[in-house]
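Q: Okay, here's the structure, questions in a sec.
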Amino acid sequence: MKIQLKNITKSFGNKRVIAPTDLTIESGSFTTLLGPSGCGKTTLLRMIAGLETPDTGEIRLGDTCAFSKEQKINLPPEKRELGFVFQDFALWPHMTVFENVAFGLRARKQTKDLDHRVQEALKAVHLEDYAHRYPHQLSGGQQQRVAFARAIVIQSGCILFDEPLSALDALLREEMRHELKDLVTQLNLTAVFVTHDQTEAMSMSDKIAVLNGGVVEQYDTPEQIYHHPATAFVARFVGKSNWISDTQLFRPEAMSLEPREGDQRYNLPVQGVQYLGDTYEITLAAPHGNWMFHCDRKAIPGETLSVYIDPNQIISVKKENPTT
Amino acid sequence: MRSTSTWKTNGILWVLLLLLVGLILCPLITVFARAVIIDGRLDLSQAWSIIADKENLQTIFNSLLLGVCVVLCSTVIAAPTAYLLARTQLAKHRWMDIVFMVPFMTPPYIASMGWILFMQKRGLFQQLFPMTGSFSEGFFSFGGLVLVMSLHVFPFLMTMLKNAILNIPASLEESGAVFGAGFGMRIRKIFAPLLTGNYAIGALLVFVKTLSEYGTPYTLGRRIGFYVFTTDIHRYSTTAPIDFGRSASLSSVLVCICMGLWLLQNYITNRTSYRLISGKGSRPARTNLSKGGMALAWLWVAVVVIVAIGIPYFSIIATSLIKLRGYGLAAGNFTFDHYQELFTTSKSLDAIWNSIFLAVTSATICSVIGTIVVLTVRRAKGFLKKVVEGISLLPEMLPGIVMVIGIMLFWNAIYKVIPLYNTMGIMVLAYVVLYLPYTVQYVTSSFTQINENLIQAGRTFGGSPAYVFRRVTLPMISKGILAGWMMIFIISFRELVTASLIAPPNVLVVSTYINREFEQGSVSLGMAMAVLCVFITTTALLIMNAVADRKKAA
């Protein structure tokens, strides 16, 4: 399902949370809305779902117009036929796992093959034996899976995810990340995923929209966003950045201790060293803030190192706008 | 060291057990014993025939009917109000929470008197609207009784429902919407089921409160010839021919019903309290009412406030200011004389001083015993701990009148050993027994807010147990103790049933003074005392809030 946002804005009181925004999410893609808290990513997602009403603009879901300020169209959430995975899972505590998953089918009166369809969805998330438990009898990861089964069973073609992994602990989060991505690919779903975690965004997405202060700063593939950040904000928010000047930076991989042809050389004092097991993370005191890189040998704080930077990997960005 | 401290705790525990058994269990057992021991021997069939007496069955039926109707009527008032205050734009008006507590804080007998004065023949309503004829006298019926009692308890149900609604994370209903459920289905399948448990608990508590209530059935129920448990128990114990056997057997039935309902309440709580996962990103839901909707909402709130607060308070205050009741509400017929009389005659001054003395002593004794109970119980383990805690909370679950009857019977029986009966001492004792659970609950809840680490930190930094108690524990639970003290002060100050049953001859307190003046003296004088009583208790409450706020700010 292709999702189109045109000229969407939203303010809460006097505070503008979404600046005029256009965004097209391709059918079958995994798209992430990435940004710090308060950047408007969740608001954007909730507007797609119909849980918030935009102030202006238009939202199209596939061929249907879900919202249009001009045509005075505003489909309520229950008419938009979307799947949604909530941050707190939002499982109904008074219903069994089965009834939670079956809810969307019953609400839409699609009760034909209901048992079978619910069981299939539970099987997809490996919870077929838990159908008659209540949500509080499940672990966090299992609750997450139920929330996901509930979203896939209605076969809506598009699922919206609102920071679904943030309530899980680190290990489980990584596991669920893989599981989620695999299922979305298998079922050929369109996914819109909201997160503030760049690792999640980079590892799962076909495309990432980086939001800051209600503005989409860049909308591109993860590789482009990493190697060619459009703004200083994107460069800082995604990946580690070492700054040469206000507008020039390079990623840690561009720096090494061995000189190569045409490299720029810097002699800098070591500020700190951390041993990470497979590598040492070394921090150097550079004129425009600290530089960080990985190397396989230990350094001593205070010692001066000669480092070499590949000039082809130096990235130029627009100067950061101090108001955003 | 550990073993000696355990030993010490156990010692205190046994002393407390003995004390609580004497204060609480013995009177209760006396009631049951009196109900089944007739003419000096155990006679169950006779006991049963007293209970199954036709008049008694009518009383029991009346009580239960009243309970059910009050639950229904208070639901009709409480549910919409709770929804408006939890979900709509009205939620931002926090002052309404306080306004809606007023009816609950008003002593029921005073509110009933207000209603009687308003609705009776040639009462205030007929003076204000002479063209309505005798319409208002229809109030003196079962329906009127249900209304007045519901108006007293609905804030309790409303607060419970409101908090339950606020506890439902918005996402639970939003997910319902996203997965295709319209408004009606969301209410039916998600909102209502999530509230059922809380509602059932609230309804049961309202039912128990109604069964145990004495003030309104006494002032209004008796007038219309509607007798319930409490009024009959009172009648058999005070009016000739006095029949303690009958009042004991009715008390026993009442206790059994109340305990049964408490167990049911407990069962429902355990079964239906879902752990609502309200972690990150959960917000309470909001409904935005349109302008018309808001107008209706305000209208509803205004009607509830006028009926629940406006009418009774208008009646009481107006009556207290009227010079000659025969002239009614007329210019020039108003005076402060009644208030002046309150402060110049010894009868009323004595009543005020008696009430203040009882309130201060019982609140202080409760605070001391209750705090010791909580501190000891927290350190103890095992069966004994549960027993002590259970007994200390027992009076809260039982109708006050039953406890008082028990105390009367028990202390009368041991009069030769401890001649406490018929003195002020027995009143203090009865109040302490009735209100001890308040201290226990307030202090326990203030304890649950203290992280055990804080106390351990105190020990780690070298404080002796006594030092840590004085510098860490005590300051942190002092708010709970203070809140309990103030609560007990307020309710003992206006307590009616205990005072009317157990006060020594010729000793009046505020409530019995009001009652006596209302029934056979100067109604205006009685109402002036009622206004003063509400004024003093409200002031106490405001002082407590101010102190608590200052502590929070510090």
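In the structure tokens, chains take the letters A, B, ... in the order shown, each chain's residues start at 1, and ligands count up from 1 in the order shown.
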If we count only C-alpha atoms and set the cut-off at 6 Å, which residues sit around stretch 502-513 of chain B, ignoring sequence neighbours fewer than 4 positions away in its own chain? Please answer as a PDB file with C-alpha atoms, in the first residue's frame.
A:
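After the write, around.pdb holds the following:
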ATOM      1  CA  ALA B 351     -21.403  20.037  73.945  1.00  0.00           C
ATOM      2  CA  ILE B 352     -18.712  21.737  71.857  1.00  0.00           C
ATOM      3  CA  ASN B 354     -17.077  17.544  74.913  1.00  0.00           C
ATOM      4  CA  SER B 355     -16.786  16.960  71.181  1.00  0.00           C
ATOM      5  CA  ASN B 422     -21.256   5.304  81.872  1.00  0.00           C
ATOM      6  CA  THR B 423     -18.215   7.589  81.972  1.00  0.00           C
ATOM      7  CA  ARG B 494     -19.400  14.844  64.518  1.00  0.00           C
ATOM      8  CA  LEU B 496     -23.661  10.522  66.089  1.00  0.00           C
ATOM      9  CA  THR B 498     -21.774   6.211  69.310  1.00  0.00           C
TER      10      THR B 498
END
Q: Mind dumping a table of every chain A residue within 7 Å of chain B, with the nearest atom pair and its distance in Å to one decimal, using only C-alpha atoms, sorted by chain and rising number, as a Markdown table?
A:
| residue | atom | partner | partner_atom | distance |
| --- | --- | --- | --- | --- |
| A:Ala49 | CA | B:Val178 | CA | 6.9 |
| A:Pro77 | CA | B:Val178 | CA | 4.9 |
| A:Glu78 | CA | B:Gly180 | CA | 3.8 |
| A:Lys79 | CA | B:Gly180 | CA | 6.4 |
| A:Leu82 | CA | B:Val178 | CA | 6.6 |
| A:Gly83 | CA | B:Phe179 | CA | 6.9 |
| A:Phe84 | CA | B:Val178 | CA | 6.8 |
| A:Gln87 | CA | B:Gly281 | CA | 6.5 |
| A:Asp88 | CA | B:Gly279 | CA | 6.3 |
| A:Ala90 | CA | B:Leu172 | CA | 4.9 |
| A:Leu91 | CA | B:Leu172 | CA | 6.7 |
| A:Trp92 | CA | B:Leu172 | CA | 6.3 |
| A:Pro93 | CA | B:Tyr274 | CA | 6.0 |
| A:His94 | CA | B:Leu194 | CA | 6.8 |
| A:Gly104 | CA | B:Phe179 | CA | 4.6 |
| A:Ala107 | CA | B:Ala181 | CA | 5.3 |
| A:Arg108 | CA | B:Gly180 | CA | 6.0 |
| A:His136 | CA | B:Arg275 | CA | 6.8 |
Q: So which bits of stretch 13-101 of chain B end up strand (DSSP E) when you DSSP the backbone, as a list in words?
A: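 Those in stretch 13-101 of chain B that DSSP calls strand (DSSP E) are Ile37, Ile38, Arg41 and Leu42 of chain B.
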Q: Could you check how far atom CA of A:Phe89 sits from atom CA of A:Val146, in Å to one decimal?
A: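 Computing the Euclidean distance for atom CA of A:Phe89 and atom CA of A:Val146 yields 8.4 Å.
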Q: Mind the document's chain letters and residue numbers, and return as number ranges by chain the residues of stretch 32-149 of chain A that DSSP labels alpha helix (DSSP H).
A: A: 41-49, 97-107, 114-124, 140-149
Q: Report, in Å to a single decimal, how far apart atom CA of B:Gln265 and atom CA of B:Phe489 are.
A: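 About the pair atom CA of B:Phe489 and atom CA of B:Gln265: they are 28.4 Å apart.
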Q: Can you measure atom CA of B:Ala200 to atom CA of B:Lys92 for me? One decimal in Å is fine.
A: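 So the two atoms, atom CA of B:Ala200 and atom CA of B:Lys92, lie 27.4 Å apart.
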Q: Could you list, as a ChimeraX atom specification, every residue within 12 Å of A:Ile59, counting only C-alpha atoms and ignoring same-chain residues fewer than 6 positions away?
A: /A:2-9,21-25,44-50,53,65-75,80
Q: Could you save the residues just selected, with N, CA and C atoms, as an mmCIF file, in the first residue's frame?
A:
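Output contents, as saved in selection38.cif:
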data_model
loop_
_atom_site.group_PDB
_atom_site.id
_atom_site.type_symbol
_atom_site.label_atom_id
_atom_site.label_comp_id
_atom_site.auth_asym_id
_atom_site.auth_seq_id
_atom_site.Cartn_x
_atom_site.Cartn_y
_atom_site.Cartn_z
ATOM 1 N N LYS A 2 0.679 2.056 -0.988
ATOM 2 C CA LYS A 2 1.463 3.289 -1.082
ATOM 3 C C LYS A 2 0.826 4.359 -0.192
ATOM 4 N N ILE A 3 1.660 5.023 0.573
ATOM 5 C CA ILE A 3 1.140 6.052 1.470
ATOM 6 C C ILE A 3 1.690 7.404 1.040
ATOM 7 N N GLN A 4 0.780 8.370 0.841
ATOM 8 C CA GLN A 4 1.239 9.694 0.423
ATOM 9 C C GLN A 4 0.779 10.758 1.410
ATOM 10 N N LEU A 5 1.731 11.557 1.858
ATOM 11 C CA LEU A 5 1.394 12.708 2.688
ATOM 12 C C LEU A 5 1.697 13.952 1.872
ATOM 13 N N LYS A 6 0.722 14.878 1.836
ATOM 14 C CA LYS A 6 0.949 16.112 1.086
ATOM 15 C C LYS A 6 0.693 17.311 1.969
ATOM 16 N N ASN A 7 1.719 18.131 2.122
ATOM 17 C CA ASN A 7 1.572 19.409 2.819
ATOM 18 C C ASN A 7 0.912 19.281 4.191
ATOM 19 N N ILE A 8 1.341 18.254 4.917
ATOM 20 C CA ILE A 8 0.761 18.004 6.242
ATOM 21 C C ILE A 8 1.393 18.943 7.272
ATOM 22 N N THR A 9 0.560 19.590 8.097
ATOM 23 C CA THR A 9 1.091 20.366 9.225
ATOM 24 C C THR A 9 0.275 20.032 10.462
ATOM 25 N N THR A 21 4.903 19.166 5.400
ATOM 26 C CA THR A 21 5.656 17.955 5.099
ATOM 27 C C THR A 21 5.020 17.190 3.955
ATOM 28 N N ASP A 22 5.862 16.778 2.990
ATOM 29 C CA ASP A 22 5.445 15.843 1.950
ATOM 30 C C ASP A 22 6.270 14.585 2.097
ATOM 31 N N LEU A 23 5.614 13.447 1.964
ATOM 32 C CA LEU A 23 6.351 12.197 2.118
ATOM 33 C C LEU A 23 5.593 11.125 1.348
ATOM 34 N N THR A 24 6.331 10.334 0.566
ATOM 35 C CA THR A 24 5.680 9.217 -0.121
ATOM 36 C C THR A 24 6.346 7.919 0.320
ATOM 37 N N ILE A 25 5.552 7.010 0.814
ATOM 38 C CA ILE A 25 6.078 5.722 1.261
ATOM 39 C C ILE A 25 5.651 4.681 0.246
ATOM 40 N N LEU A 44 3.406 12.135 13.364
ATOM 41 C CA LEU A 44 3.236 11.846 11.942
ATOM 42 C C LEU A 44 2.581 10.472 11.755
ATOM 43 N N LEU A 45 3.074 9.491 12.516
ATOM 44 C CA LEU A 45 2.543 8.131 12.411
ATOM 45 C C LEU A 45 1.081 8.086 12.845
ATOM 46 N N ARG A 46 0.802 8.793 13.958
ATOM 47 C CA ARG A 46 -0.572 8.785 14.469
ATOM 48 C C ARG A 46 -1.524 9.496 13.512
ATOM 49 N N MET A 47 -1.005 10.435 12.751
ATOM 50 C CA MET A 47 -1.857 11.090 11.757
ATOM 51 C C MET A 47 -2.179 10.133 10.621
ATOM 52 N N ILE A 48 -1.203 9.286 10.246
ATOM 53 C CA ILE A 48 -1.480 8.289 9.208
ATOM 54 C C ILE A 48 -2.561 7.327 9.697
ATOM 55 N N ALA A 49 -2.485 6.960 10.991
ATOM 56 C CA ALA A 49 -3.440 6.001 11.537
ATOM 57 C C ALA A 49 -4.803 6.629 11.797
ATOM 58 N N GLY A 50 -4.841 7.974 11.847
ATOM 59 C CA GLY A 50 -6.113 8.638 12.128
ATOM 60 C C GLY A 50 -6.309 8.928 13.599
ATOM 61 N N THR A 53 -5.461 14.452 14.079
ATOM 62 C CA THR A 53 -5.961 15.094 12.864
ATOM 63 C C THR A 53 -4.990 16.195 12.450
ATOM 64 N N CYS A 65 -8.554 8.287 -0.219
ATOM 65 C CA CYS A 65 -8.131 9.491 0.467
ATOM 66 C C CYS A 65 -8.596 9.376 1.913
ATOM 67 N N ALA A 66 -7.648 9.309 2.838
ATOM 68 C CA ALA A 66 -8.007 9.131 4.242
ATOM 69 C C ALA A 66 -8.251 10.468 4.918
ATOM 70 N N PHE A 67 -7.552 11.492 4.421
ATOM 71 C CA PHE A 67 -7.726 12.813 5.008
ATOM 72 C C PHE A 67 -7.495 13.867 3.946
ATOM 73 N N SER A 68 -8.355 14.831 3.918
ATOM 74 C CA SER A 68 -8.121 15.980 3.060
ATOM 75 C C SER A 68 -8.781 17.174 3.702
ATOM 76 N N LYS A 69 -7.983 18.189 3.992
ATOM 77 C CA LYS A 69 -8.529 19.384 4.621
ATOM 78 C C LYS A 69 -9.482 20.071 3.651
ATOM 79 N N GLU A 70 -9.042 20.137 2.371
ATOM 80 C CA GLU A 70 -9.858 20.862 1.393
ATOM 81 C C GLU A 70 -11.184 20.177 1.119
ATOM 82 N N GLN A 71 -11.122 18.842 0.949
ATOM 83 C CA GLN A 71 -12.372 18.134 0.641
ATOM 84 C C GLN A 71 -13.131 17.741 1.901
ATOM 85 N N LYS A 72 -12.594 18.182 3.040
ATOM 86 C CA LYS A 72 -13.234 17.872 4.328
ATOM 87 C C LYS A 72 -13.459 16.368 4.496
ATOM 88 N N ILE A 73 -12.425 15.625 4.181
ATOM 89 C CA ILE A 73 -12.492 14.176 4.398
ATOM 90 C C ILE A 73 -11.641 13.846 5.619
ATOM 91 N N ASN A 74 -12.154 13.032 6.517
ATOM 92 C CA ASN A 74 -11.333 12.555 7.629
ATOM 93 C C ASN A 74 -11.861 11.203 8.081
ATOM 94 N N LEU A 75 -11.272 10.151 7.522
ATOM 95 C CA LEU A 75 -11.718 8.810 7.901
ATOM 96 C C LEU A 75 -11.306 8.538 9.344
ATOM 97 N N ARG A 80 -9.741 2.941 8.437
ATOM 98 C CA ARG A 80 -8.536 3.088 7.609
ATOM 99 C C ARG A 80 -7.856 1.778 7.276
#
Q: From the list B:Gly382, B:Gly197, B:Gly245, B:Pro217, which residue is nearest B:Ile37 when using only C-alpha atoms?
A: B:Gly245
